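Q: Have a peek at coords36.cif (mmCIF, N, CA, C and O atoms).
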```
data_protein
loop_
_atom_site.group_PDB
_atom_site.id
_atom_site.type_symbol
_atom_site.label_atom_id
_atom_site.label_comp_id
_atom_site.auth_asym_id
_atom_site.auth_seq_id
_atom_site.Cartn_x
_atom_site.Cartn_y
_atom_site.Cartn_z
ATOM 1 N N MET I 1 11.369 19.062 1.721
ATOM 2 C CA MET I 1 9.969 18.687 1.793
ATOM 3 C C MET I 1 9.490 18.873 3.235
ATOM 4 O O MET I 1 10.197 18.573 4.176
ATOM 5 N N SER I 2 8.293 19.313 3.373
ATOM 6 C CA SER I 2 7.727 19.584 4.684
ATOM 7 C C SER I 2 7.497 18.283 5.458
ATOM 8 O O SER I 2 7.131 17.254 4.885
ATOM 9 N N THR I 3 7.720 18.349 6.762
ATOM 10 C CA THR I 3 7.503 17.154 7.585
ATOM 11 C C THR I 3 6.036 16.763 7.604
ATOM 12 O O THR I 3 5.718 15.591 7.789
ATOM 13 N N ARG I 4 5.146 17.730 7.402
ATOM 14 C CA ARG I 4 3.720 17.415 7.355
ATOM 15 C C ARG I 4 3.400 16.507 6.172
ATOM 16 O O ARG I 4 2.646 15.544 6.299
ATOM 17 N N TRP I 5 3.987 16.782 5.008
ATOM 18 C CA TRP I 5 3.736 15.964 3.820
ATOM 19 C C TRP I 5 4.355 14.582 3.962
ATOM 20 O O TRP I 5 3.782 13.586 3.513
ATOM 21 N N ILE I 6 5.518 14.536 4.577
ATOM 22 C CA ILE I 6 6.167 13.242 4.786
ATOM 23 C C ILE I 6 5.350 12.404 5.774
ATOM 24 O O ILE I 6 5.156 11.204 5.572
ATOM 25 N N GLY I 7 4.842 13.037 6.813
ATOM 26 C CA GLY I 7 3.979 12.328 7.756
ATOM 27 C C GLY I 7 2.699 11.849 7.103
ATOM 28 O O GLY I 7 2.239 10.724 7.356
ATOM 29 N N LEU I 8 2.117 12.673 6.242
ATOM 30 C CA LEU I 8 0.914 12.277 5.512
ATOM 31 C C LEU I 8 1.202 11.091 4.593
ATOM 32 O O LEU I 8 0.399 10.163 4.492
ATOM 33 N N ALA I 9 2.355 11.107 3.936
ATOM 34 C CA ALA I 9 2.732 9.990 3.068
ATOM 35 C C ALA I 9 2.889 8.698 3.866
ATOM 36 O O ALA I 9 2.474 7.621 3.414
ATOM 37 N N ALA I 10 3.455 8.793 5.061
ATOM 38 C CA ALA I 10 3.605 7.611 5.909
ATOM 39 C C ALA I 10 2.241 7.056 6.311
ATOM 40 O O ALA I 10 2.017 5.842 6.267
ATOM 41 N N VAL I 11 1.318 7.935 6.671
ATOM 42 C CA VAL I 11 -0.022 7.486 7.070
ATOM 43 C C VAL I 11 -0.750 6.844 5.896
ATOM 44 O O VAL I 11 -1.387 5.796 6.046
ATOM 45 N N VAL I 12 -0.645 7.449 4.731
ATOM 46 C CA VAL I 12 -1.312 6.895 3.541
ATOM 47 C C VAL I 12 -0.726 5.530 3.190
ATOM 48 O O VAL I 12 -1.468 4.587 2.883
ATOM 49 N N CYS I 13 0.591 5.402 3.228
ATOM 50 C CA CYS I 13 1.223 4.112 2.926
ATOM 51 C C CYS I 13 0.787 3.040 3.919
ATOM 52 O O CYS I 13 0.465 1.914 3.521
ATOM 53 N N LEU I 14 0.777 3.374 5.192
ATOM 54 C CA LEU I 14 0.360 2.403 6.199
ATOM 55 C C LEU I 14 -1.108 2.035 6.037
ATOM 56 O O LEU I 14 -1.477 0.851 6.148
ATOM 57 N N ALA I 15 -1.956 3.009 5.759
ATOM 58 C CA ALA I 15 -3.384 2.727 5.606
ATOM 59 C C ALA I 15 -3.659 1.866 4.379
ATOM 60 O O ALA I 15 -4.390 0.863 4.451
ATOM 61 N N TRP I 16 -3.071 2.225 3.235
ATOM 62 C CA TRP I 16 -3.310 1.465 2.009
ATOM 63 C C TRP I 16 -2.719 0.055 2.120
ATOM 64 O O TRP I 16 -3.325 -0.919 1.670
ATOM 65 N N GLY I 17 -1.560 -0.067 2.719
ATOM 66 C CA GLY I 17 -0.973 -1.391 2.918
ATOM 67 C C GLY I 17 -1.825 -2.247 3.832
ATOM 68 O O GLY I 17 -2.002 -3.443 3.592
ATOM 69 N N SER I 18 -2.395 -1.649 4.869
ATOM 70 C CA SER I 18 -3.268 -2.403 5.771
ATOM 71 C C SER I 18 -4.530 -2.865 5.057
ATOM 72 O O SER I 18 -5.001 -3.984 5.274
ATOM 73 N N VAL I 19 -5.076 -2.018 4.206
ATOM 74 C CA VAL I 19 -6.265 -2.417 3.429
ATOM 75 C C VAL I 19 -5.922 -3.574 2.501
ATOM 76 O O VAL I 19 -6.692 -4.536 2.386
ATOM 77 N N LEU I 20 -4.785 -3.496 1.834
ATOM 78 C CA LEU I 20 -4.389 -4.570 0.924
ATOM 79 C C LEU I 20 -4.134 -5.880 1.668
ATOM 80 O O LEU I 20 -4.432 -6.958 1.156
ATOM 81 N N LEU I 21 -3.590 -5.799 2.862
ATOM 82 C CA LEU I 21 -3.347 -7.009 3.644
ATOM 83 C C LEU I 21 -4.634 -7.587 4.228
ATOM 84 O O LEU I 21 -4.777 -8.805 4.349
ATOM 85 N N THR I 22 -5.566 -6.714 4.583
ATOM 86 C CA THR I 22 -6.783 -7.160 5.228
ATOM 87 C C THR I 22 -7.813 -7.692 4.231
ATOM 88 O O THR I 22 -8.502 -8.676 4.512
ATOM 89 N N PHE I 23 -7.931 -7.066 3.079
ATOM 90 C CA PHE I 23 -8.954 -7.435 2.090
ATOM 91 C C PHE I 23 -8.342 -7.778 0.732
ATOM 92 O O PHE I 23 -8.645 -7.118 -0.269
ATOM 93 N N PRO I 24 -7.526 -8.815 0.616
ATOM 94 C CA PRO I 24 -6.914 -9.104 -0.687
ATOM 95 C C PRO I 24 -7.898 -9.685 -1.705
ATOM 96 O O PRO I 24 -7.784 -9.426 -2.892
ATOM 97 N N GLU I 25 -8.881 -10.463 -1.252
ATOM 98 C CA GLU I 25 -9.832 -11.094 -2.173
ATOM 99 C C GLU I 25 -10.699 -10.070 -2.920
ATOM 100 O O GLU I 25 -10.784 -10.116 -4.145
ATOM 101 N N PRO I 26 -11.377 -9.139 -2.218
ATOM 102 C CA PRO I 26 -12.203 -8.177 -2.950
ATOM 103 C C PRO I 26 -11.399 -7.283 -3.895
ATOM 104 O O PRO I 26 -11.882 -6.927 -4.967
ATOM 105 N N ILE I 27 -10.181 -6.956 -3.513
ATOM 106 C CA ILE I 27 -9.355 -6.104 -4.382
ATOM 107 C C ILE I 27 -8.967 -6.877 -5.640
ATOM 108 O O ILE I 27 -8.979 -6.328 -6.746
ATOM 109 N N ALA I 28 -8.651 -8.152 -5.502
ATOM 110 C CA ALA I 28 -8.320 -8.965 -6.670
ATOM 111 C C ALA I 28 -9.545 -9.115 -7.583
ATOM 112 O O ALA I 28 -9.432 -9.049 -8.811
ATOM 113 N N ARG I 29 -10.733 -9.315 -6.991
ATOM 114 C CA ARG I 29 -11.956 -9.423 -7.793
ATOM 115 C C ARG I 29 -12.244 -8.119 -8.524
ATOM 116 O O ARG I 29 -12.630 -8.134 -9.699
ATOM 117 N N PHE I 30 -12.083 -7.000 -7.835
ATOM 118 C CA PHE I 30 -12.322 -5.701 -8.450
ATOM 119 C C PHE I 30 -11.360 -5.463 -9.613
ATOM 120 O O PHE I 30 -11.752 -4.954 -10.659
ATOM 121 N N SER I 31 -10.104 -5.850 -9.452
ATOM 122 C CA SER I 31 -9.135 -5.643 -10.539
ATOM 123 C C SER I 31 -9.466 -6.509 -11.739
ATOM 124 O O SER I 31 -9.235 -6.112 -12.868
ATOM 125 N N ARG I 32 -10.039 -7.704 -11.520
ATOM 126 C CA ARG I 32 -10.462 -8.533 -12.648
ATOM 127 C C ARG I 32 -11.601 -7.875 -13.403
ATOM 128 O O ARG I 32 -11.662 -7.940 -14.636
ATOM 129 N N LYS I 33 -12.519 -7.225 -12.674
ATOM 130 C CA LYS I 33 -13.625 -6.531 -13.341
ATOM 131 C C LYS I 33 -13.121 -5.335 -14.137
ATOM 132 O O LYS I 33 -13.564 -5.102 -15.262
ATOM 133 N N VAL I 34 -12.201 -4.590 -13.562
ATOM 134 C CA VAL I 34 -11.724 -3.372 -14.207
ATOM 135 C C VAL I 34 -10.777 -3.692 -15.357
ATOM 136 O O VAL I 34 -10.897 -3.132 -16.443
ATOM 137 N N GLN I 35 -9.838 -4.588 -15.146
ATOM 138 C CA GLN I 35 -8.800 -4.868 -16.136
ATOM 139 C C GLN I 35 -9.199 -5.929 -17.154
ATOM 140 O O GLN I 35 -8.494 -6.143 -18.117
ATOM 141 N N GLY I 36 -10.275 -6.623 -16.927
ATOM 142 C CA GLY I 36 -10.651 -7.702 -17.827
ATOM 143 C C GLY I 36 -10.065 -9.015 -17.334
ATOM 144 O O GLY I 36 -9.254 -9.058 -16.412
ATOM 145 N N GLU I 37 -10.494 -10.088 -17.946
ATOM 146 C CA GLU I 37 -10.101 -11.408 -17.449
ATOM 147 C C GLU I 37 -8.617 -11.697 -17.663
ATOM 148 O O GLU I 37 -7.975 -12.317 -16.829
ATOM 149 N N PHE I 38 -8.039 -11.233 -18.773
ATOM 150 C CA PHE I 38 -6.636 -11.551 -19.040
ATOM 151 C C PHE I 38 -5.714 -10.777 -18.104
ATOM 152 O O PHE I 38 -4.937 -11.350 -17.355
ATOM 153 N N TRP I 39 -5.790 -9.444 -18.147
ATOM 154 C CA TRP I 39 -4.900 -8.638 -17.313
ATOM 155 C C TRP I 39 -5.300 -8.707 -15.854
ATOM 156 O O TRP I 39 -4.463 -8.696 -14.962
ATOM 157 N N GLY I 40 -6.597 -8.758 -15.572
ATOM 158 C CA GLY I 40 -7.054 -8.826 -14.198
ATOM 159 C C GLY I 40 -6.715 -10.136 -13.521
ATOM 160 O O GLY I 40 -6.599 -10.201 -12.298
ATOM 161 N N GLY I 41 -6.537 -11.196 -14.299
ATOM 162 C CA GLY I 41 -6.174 -12.489 -13.730
ATOM 163 C C GLY I 41 -4.796 -12.495 -13.108
ATOM 164 O O GLY I 41 -4.470 -13.375 -12.316
ATOM 165 N N GLN I 42 -3.983 -11.520 -13.451
ATOM 166 C CA GLN I 42 -2.638 -11.441 -12.874
ATOM 167 C C GLN I 42 -2.649 -10.849 -11.479
ATOM 168 O O GLN I 42 -1.688 -10.986 -10.738
ATOM 169 N N PHE I 43 -3.747 -10.189 -11.125
ATOM 170 C CA PHE I 43 -3.873 -9.598 -9.787
ATOM 171 C C PHE I 43 -4.511 -10.624 -8.858
ATOM 172 O O PHE I 43 -5.720 -10.658 -8.688
ATOM 173 N N THR I 44 -3.706 -11.447 -8.260
ATOM 174 C CA THR I 44 -4.200 -12.477 -7.359
ATOM 175 C C THR I 44 -4.199 -11.949 -5.927
ATOM 176 O O THR I 44 -3.565 -10.930 -5.636
ATOM 177 N N PRO I 45 -4.919 -12.618 -5.009
ATOM 178 C CA PRO I 45 -4.868 -12.202 -3.612
ATOM 179 C C PRO I 45 -3.452 -12.233 -3.033
ATOM 180 O O PRO I 45 -3.095 -11.392 -2.208
ATOM 181 N N GLU I 46 -2.647 -13.178 -3.495
ATOM 182 C CA GLU I 46 -1.265 -13.242 -3.006
ATOM 183 C C GLU I 46 -0.469 -12.016 -3.444
ATOM 184 O O GLU I 46 0.338 -11.480 -2.685
ATOM 185 N N LEU I 47 -0.704 -11.575 -4.679
ATOM 186 C CA LEU I 47 -0.026 -10.370 -5.164
ATOM 187 C C LEU I 47 -0.490 -9.144 -4.384
ATOM 188 O O LEU I 47 0.316 -8.277 -4.037
ATOM 189 N N SER I 48 -1.794 -9.093 -4.078
ATOM 190 C CA SER I 48 -2.308 -7.978 -3.274
ATOM 191 C C SER I 48 -1.656 -7.955 -1.900
ATOM 192 O O SER I 48 -1.286 -6.889 -1.392
ATOM 193 N N ARG I 49 -1.494 -9.115 -1.285
ATOM 194 C CA ARG I 49 -0.837 -9.181 0.023
ATOM 195 C C ARG I 49 0.623 -8.750 -0.078
ATOM 196 O O ARG I 49 1.136 -8.047 0.784
ATOM 197 N N PHE I 50 1.299 -9.203 -1.122
ATOM 198 C CA PHE I 50 2.701 -8.856 -1.316
ATOM 199 C C PHE I 50 2.876 -7.347 -1.485
ATOM 200 O O PHE I 50 3.752 -6.732 -0.863
ATOM 201 N N ILE I 51 2.024 -6.732 -2.295
ATOM 202 C CA ILE I 51 2.079 -5.286 -2.493
ATOM 203 C C ILE I 51 1.736 -4.572 -1.191
ATOM 204 O O ILE I 51 2.346 -3.551 -0.840
ATOM 205 N N GLY I 52 0.764 -5.107 -0.448
ATOM 206 C CA GLY I 52 0.407 -4.526 0.839
ATOM 207 C C GLY I 52 1.562 -4.547 1.819
ATOM 208 O O GLY I 52 1.783 -3.577 2.563
ATOM 209 N N CYS I 53 2.311 -5.651 1.834
ATOM 210 C CA CYS I 53 3.496 -5.720 2.703
ATOM 211 C C CYS I 53 4.513 -4.647 2.318
ATOM 212 O O CYS I 53 5.138 -4.030 3.183
ATOM 213 N N GLY I 54 4.669 -4.406 1.032
ATOM 214 C CA GLY I 54 5.588 -3.362 0.582
ATOM 215 C C GLY I 54 5.152 -1.979 1.025
ATOM 216 O O GLY I 54 5.971 -1.168 1.464
ATOM 217 N N PHE I 55 3.854 -1.706 0.919
ATOM 218 C CA PHE I 55 3.346 -0.411 1.376
ATOM 219 C C PHE I 55 3.525 -0.246 2.877
ATOM 220 O O PHE I 55 3.925 0.816 3.349
ATOM 221 N N VAL I 56 3.215 -1.293 3.652
ATOM 222 C CA VAL I 56 3.372 -1.204 5.106
ATOM 223 C C VAL I 56 4.833 -1.001 5.470
ATOM 224 O O VAL I 56 5.176 -0.144 6.297
ATOM 225 N N LEU I 57 5.713 -1.764 4.849
ATOM 226 C CA LEU I 57 7.138 -1.623 5.130
ATOM 227 C C LEU I 57 7.634 -0.225 4.756
ATOM 228 O O LEU I 57 8.375 0.410 5.507
ATOM 229 N N GLY I 58 7.209 0.276 3.604
ATOM 230 C CA GLY I 58 7.598 1.625 3.201
ATOM 231 C C GLY I 58 7.063 2.680 4.156
ATOM 232 O O GLY I 58 7.768 3.628 4.504
ATOM 233 N N GLY I 59 5.825 2.519 4.611
ATOM 234 C CA GLY I 59 5.256 3.455 5.564
ATOM 235 C C GLY I 59 5.988 3.446 6.892
ATOM 236 O O GLY I 59 6.207 4.502 7.507
ATOM 237 N N VAL I 60 6.391 2.270 7.335
ATOM 238 C CA VAL I 60 7.144 2.167 8.588
ATOM 239 C C VAL I 60 8.506 2.838 8.444
ATOM 240 O O VAL I 60 8.945 3.572 9.341
ATOM 241 N N VAL I 61 9.163 2.610 7.329
ATOM 242 C CA VAL I 61 10.478 3.230 7.099
ATOM 243 C C VAL I 61 10.352 4.750 7.074
ATOM 244 O O VAL I 61 11.155 5.463 7.699
ATOM 245 N N VAL I 62 9.336 5.266 6.387
ATOM 246 C CA VAL I 62 9.146 6.714 6.325
ATOM 247 C C VAL I 62 8.805 7.269 7.704
ATOM 248 O O VAL I 62 9.330 8.310 8.111
ATOM 249 N N ALA I 63 7.951 6.576 8.450
ATOM 250 C CA ALA I 63 7.569 7.053 9.781
ATOM 251 C C ALA I 63 8.764 7.069 10.731
ATOM 252 O O ALA I 63 8.956 8.032 11.481
ATOM 253 N N VAL I 64 9.579 6.028 10.700
ATOM 254 C CA VAL I 64 10.755 5.979 11.566
ATOM 255 C C VAL I 64 11.764 7.048 11.159
ATOM 256 O O VAL I 64 12.343 7.718 12.023
ATOM 257 N N SER I 65 11.951 7.231 9.865
ATOM 258 C CA SER I 65 12.868 8.280 9.401
ATOM 259 C C SER I 65 12.387 9.656 9.822
ATOM 260 O O SER I 65 13.180 10.499 10.246
ATOM 261 N N LEU I 66 11.077 9.889 9.740
ATOM 262 C CA LEU I 66 10.518 11.171 10.171
ATOM 263 C C LEU I 66 10.694 11.362 11.668
ATOM 264 O O LEU I 66 11.052 12.447 12.122
ATOM 265 N N LEU I 67 10.466 10.324 12.424
ATOM 266 C CA LEU I 67 10.638 10.398 13.881
ATOM 267 C C LEU I 67 12.085 10.712 14.247
ATOM 268 O O LEU I 67 12.346 11.554 15.105
ATOM 269 N N VAL I 68 13.026 10.057 13.593
ATOM 270 C CA VAL I 68 14.449 10.335 13.843
ATOM 271 C C VAL I 68 14.779 11.773 13.468
ATOM 272 O O VAL I 68 15.501 12.460 14.196
ATOM 273 N N HIS I 69 14.251 12.230 12.355
ATOM 274 C CA HIS I 69 14.488 13.620 11.916
ATOM 275 C C HIS I 69 13.954 14.612 12.951
ATOM 276 O O HIS I 69 14.605 15.616 13.255
ATOM 277 N N ILE I 70 12.762 14.354 13.472
ATOM 278 C CA ILE I 70 12.160 15.259 14.452
ATOM 279 C C ILE I 70 12.943 15.219 15.760
ATOM 280 O O ILE I 70 13.190 16.268 16.383
ATOM 281 N N LEU I 71 13.358 14.039 16.202
ATOM 282 C CA LEU I 71 14.083 13.927 17.460
ATOM 283 C C LEU I 71 15.468 14.573 17.401
ATOM 284 O O LEU I 71 15.957 15.087 18.404
ATOM 285 N N ARG I 72 16.101 14.512 16.233
ATOM 286 C CA ARG I 72 17.424 15.136 16.106
ATOM 287 C C ARG I 72 17.333 16.645 16.006
ATOM 288 O O ARG I 72 18.307 17.348 16.232
ATOM 289 N N GLY I 73 16.159 17.111 15.636
ATOM 290 C CA GLY I 73 15.931 18.558 15.595
ATOM 291 C C GLY I 73 16.384 19.136 14.334
ATOM 292 O O GLY I 73 16.700 20.082 13.904
#
```
For the structure just supplied, provide its representation as structure tokens.
A:
Amino acid sequence: MSTRWIGLAAVVCLAWGSVLLTFPEPIARFSRKVQGEFWGGQFTPELSRFIGCGFVLGGVVVAVSLLVHILRG
């Protein structure tokens, strides 16, 4: 896989995770509107934050792995 695509994936993961961590309330409200009250009720702000932490952590891991790959040549 190209390093450009891996770098893009790291940026997208970090950006989406930051959005989820910064704005958990509006995302939870939007999911209730889209999914309905029953399924949307499972998307709480805490769940949005938890998923955001996973995206940020995954983005950091990918970015560090890419950096190590580039430095090793």
Q: Please determine, counting only N, CA, C and O atoms, which residue among I:Ile27, I:Gly36, I:Leu67, I:Val61 has the shortest atom-to-atom distance to I:Ser48.
A: I:Ile27
Q: Would you pick out the contacts of I:Cys13 at 5 Å or less, using only N, CA, C and O atoms, so that residues sharing its chain but fewer than 4 positions from it are not included, and give the list as a PyMOL selection string?
A: chain I and resi 8-9+17-18+55-56+59
Q: Rank nothing, just name the residue among I:Val64, I:Ala28, I:Leu71, I:Val11 nearest to I:Thr44, using all atoms listed in the file.
A: I:Ala28
Q: Distance atom CA of I:Phe50-atom C of I:Ser65, one decimal place?
A: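 Interatomic distance, atom CA of I:Phe50 to atom C of I:Ser65: 23.7 Å.
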Q: Could you work out how far atom C of I:Gln42 lies from atom N of I:Pro24, giving the answer in Å with one decimal?
A: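 About the pair atom N of I:Pro24 and atom C of I:Gln42: they are 13.2 Å apart.
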Q: Start from the incomplete input, build all heavy atoms for stretch 46-57 of chain I, and deliver everything as an mmCIF file, keeping the file's coordinate frame.
A:
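New file selection_21.cif:
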```cif
data_model
loop_
_atom_site.group_PDB
_atom_site.id
_atom_site.type_symbol
_atom_site.label_atom_id
_atom_site.label_comp_id
_atom_site.auth_asym_id
_atom_site.auth_seq_id
_atom_site.Cartn_x
_atom_site.Cartn_y
_atom_site.Cartn_z
ATOM 1 N N GLU I 46 -2.647 -13.178 -3.495
ATOM 2 C CA GLU I 46 -1.265 -13.242 -3.006
ATOM 3 C C GLU I 46 -0.469 -12.016 -3.444
ATOM 4 O O GLU I 46 0.338 -11.480 -2.685
ATOM 5 C CB GLU I 46 -0.578 -14.518 -3.504
ATOM 6 C CG GLU I 46 -1.125 -15.788 -2.905
ATOM 7 C CD GLU I 46 -2.411 -16.253 -3.567
ATOM 8 O OE1 GLU I 46 -2.712 -15.811 -4.698
ATOM 9 O OE2 GLU I 46 -3.125 -17.040 -2.935
ATOM 10 N N LEU I 47 -0.704 -11.575 -4.679
ATOM 11 C CA LEU I 47 -0.026 -10.370 -5.164
ATOM 12 C C LEU I 47 -0.490 -9.144 -4.384
ATOM 13 O O LEU I 47 0.316 -8.277 -4.037
ATOM 14 C CB LEU I 47 -0.282 -10.176 -6.657
ATOM 15 C CG LEU I 47 0.374 -8.952 -7.306
ATOM 16 C CD1 LEU I 47 1.890 -9.051 -7.215
ATOM 17 C CD2 LEU I 47 -0.067 -8.808 -8.735
ATOM 18 N N SER I 48 -1.794 -9.093 -4.078
ATOM 19 C CA SER I 48 -2.308 -7.978 -3.274
ATOM 20 C C SER I 48 -1.656 -7.955 -1.900
ATOM 21 O O SER I 48 -1.286 -6.889 -1.392
ATOM 22 C CB SER I 48 -3.826 -8.083 -3.113
ATOM 23 O OG SER I 48 -4.463 -7.942 -4.348
ATOM 24 N N ARG I 49 -1.494 -9.115 -1.285
ATOM 25 C CA ARG I 49 -0.837 -9.181 0.023
ATOM 26 C C ARG I 49 0.623 -8.750 -0.078
ATOM 27 O O ARG I 49 1.136 -8.047 0.784
ATOM 28 C CB ARG I 49 -0.916 -10.589 0.590
ATOM 29 C CG ARG I 49 -2.238 -10.927 1.169
ATOM 30 C CD ARG I 49 -2.189 -12.253 1.916
ATOM 31 N NE ARG I 49 -3.517 -12.708 2.186
ATOM 32 C CZ ARG I 49 -4.119 -13.698 1.541
ATOM 33 N NH1 ARG I 49 -3.489 -14.364 0.615
ATOM 34 N NH2 ARG I 49 -5.351 -14.025 1.849
ATOM 35 N N PHE I 50 1.299 -9.203 -1.122
ATOM 36 C CA PHE I 50 2.701 -8.856 -1.316
ATOM 37 C C PHE I 50 2.876 -7.347 -1.485
ATOM 38 O O PHE I 50 3.752 -6.732 -0.863
ATOM 39 C CB PHE I 50 3.250 -9.594 -2.542
ATOM 40 C CG PHE I 50 4.697 -9.343 -2.810
ATOM 41 C CD1 PHE I 50 5.670 -9.888 -1.999
ATOM 42 C CD2 PHE I 50 5.082 -8.561 -3.882
ATOM 43 C CE1 PHE I 50 7.014 -9.653 -2.237
ATOM 44 C CE2 PHE I 50 6.418 -8.321 -4.131
ATOM 45 C CZ PHE I 50 7.381 -8.865 -3.310
ATOM 46 N N ILE I 51 2.024 -6.732 -2.295
ATOM 47 C CA ILE I 51 2.079 -5.286 -2.493
ATOM 48 C C ILE I 51 1.736 -4.572 -1.191
ATOM 49 O O ILE I 51 2.346 -3.551 -0.840
ATOM 50 C CB ILE I 51 1.144 -4.870 -3.641
ATOM 51 C CG1 ILE I 51 1.667 -5.441 -4.965
ATOM 52 C CG2 ILE I 51 1.015 -3.360 -3.724
ATOM 53 C CD1 ILE I 51 0.714 -5.287 -6.120
ATOM 54 N N GLY I 52 0.764 -5.107 -0.448
ATOM 55 C CA GLY I 52 0.407 -4.526 0.839
ATOM 56 C C GLY I 52 1.562 -4.547 1.819
ATOM 57 O O GLY I 52 1.783 -3.577 2.563
ATOM 58 N N CYS I 53 2.311 -5.651 1.834
ATOM 59 C CA CYS I 53 3.496 -5.720 2.703
ATOM 60 C C CYS I 53 4.513 -4.647 2.318
ATOM 61 O O CYS I 53 5.138 -4.030 3.183
ATOM 62 C CB CYS I 53 4.146 -7.104 2.605
ATOM 63 S SG CYS I 53 3.229 -8.395 3.432
ATOM 64 N N GLY I 54 4.669 -4.406 1.032
ATOM 65 C CA GLY I 54 5.588 -3.362 0.582
ATOM 66 C C GLY I 54 5.152 -1.979 1.025
ATOM 67 O O GLY I 54 5.971 -1.168 1.464
ATOM 68 N N PHE I 55 3.854 -1.706 0.919
ATOM 69 C CA PHE I 55 3.346 -0.411 1.376
ATOM 70 C C PHE I 55 3.525 -0.246 2.877
ATOM 71 O O PHE I 55 3.925 0.816 3.349
ATOM 72 C CB PHE I 55 1.868 -0.246 1.017
ATOM 73 C CG PHE I 55 1.653 0.366 -0.335
ATOM 74 C CD1 PHE I 55 1.274 -0.421 -1.408
ATOM 75 C CD2 PHE I 55 1.817 1.719 -0.529
ATOM 76 C CE1 PHE I 55 1.056 0.122 -2.653
ATOM 77 C CE2 PHE I 55 1.596 2.288 -1.777
ATOM 78 C CZ PHE I 55 1.220 1.479 -2.845
ATOM 79 N N VAL I 56 3.215 -1.293 3.652
ATOM 80 C CA VAL I 56 3.372 -1.204 5.106
ATOM 81 C C VAL I 56 4.833 -1.001 5.470
ATOM 82 O O VAL I 56 5.176 -0.144 6.297
ATOM 83 C CB VAL I 56 2.783 -2.445 5.806
ATOM 84 C CG1 VAL I 56 3.179 -2.497 7.266
ATOM 85 C CG2 VAL I 56 1.274 -2.454 5.678
ATOM 86 N N LEU I 57 5.713 -1.764 4.849
ATOM 87 C CA LEU I 57 7.138 -1.623 5.130
ATOM 88 C C LEU I 57 7.634 -0.225 4.756
ATOM 89 O O LEU I 57 8.375 0.410 5.507
ATOM 90 C CB LEU I 57 7.934 -2.693 4.384
ATOM 91 C CG LEU I 57 9.430 -2.697 4.615
ATOM 92 C CD1 LEU I 57 9.730 -2.987 6.085
ATOM 93 C CD2 LEU I 57 10.098 -3.735 3.735
#
```
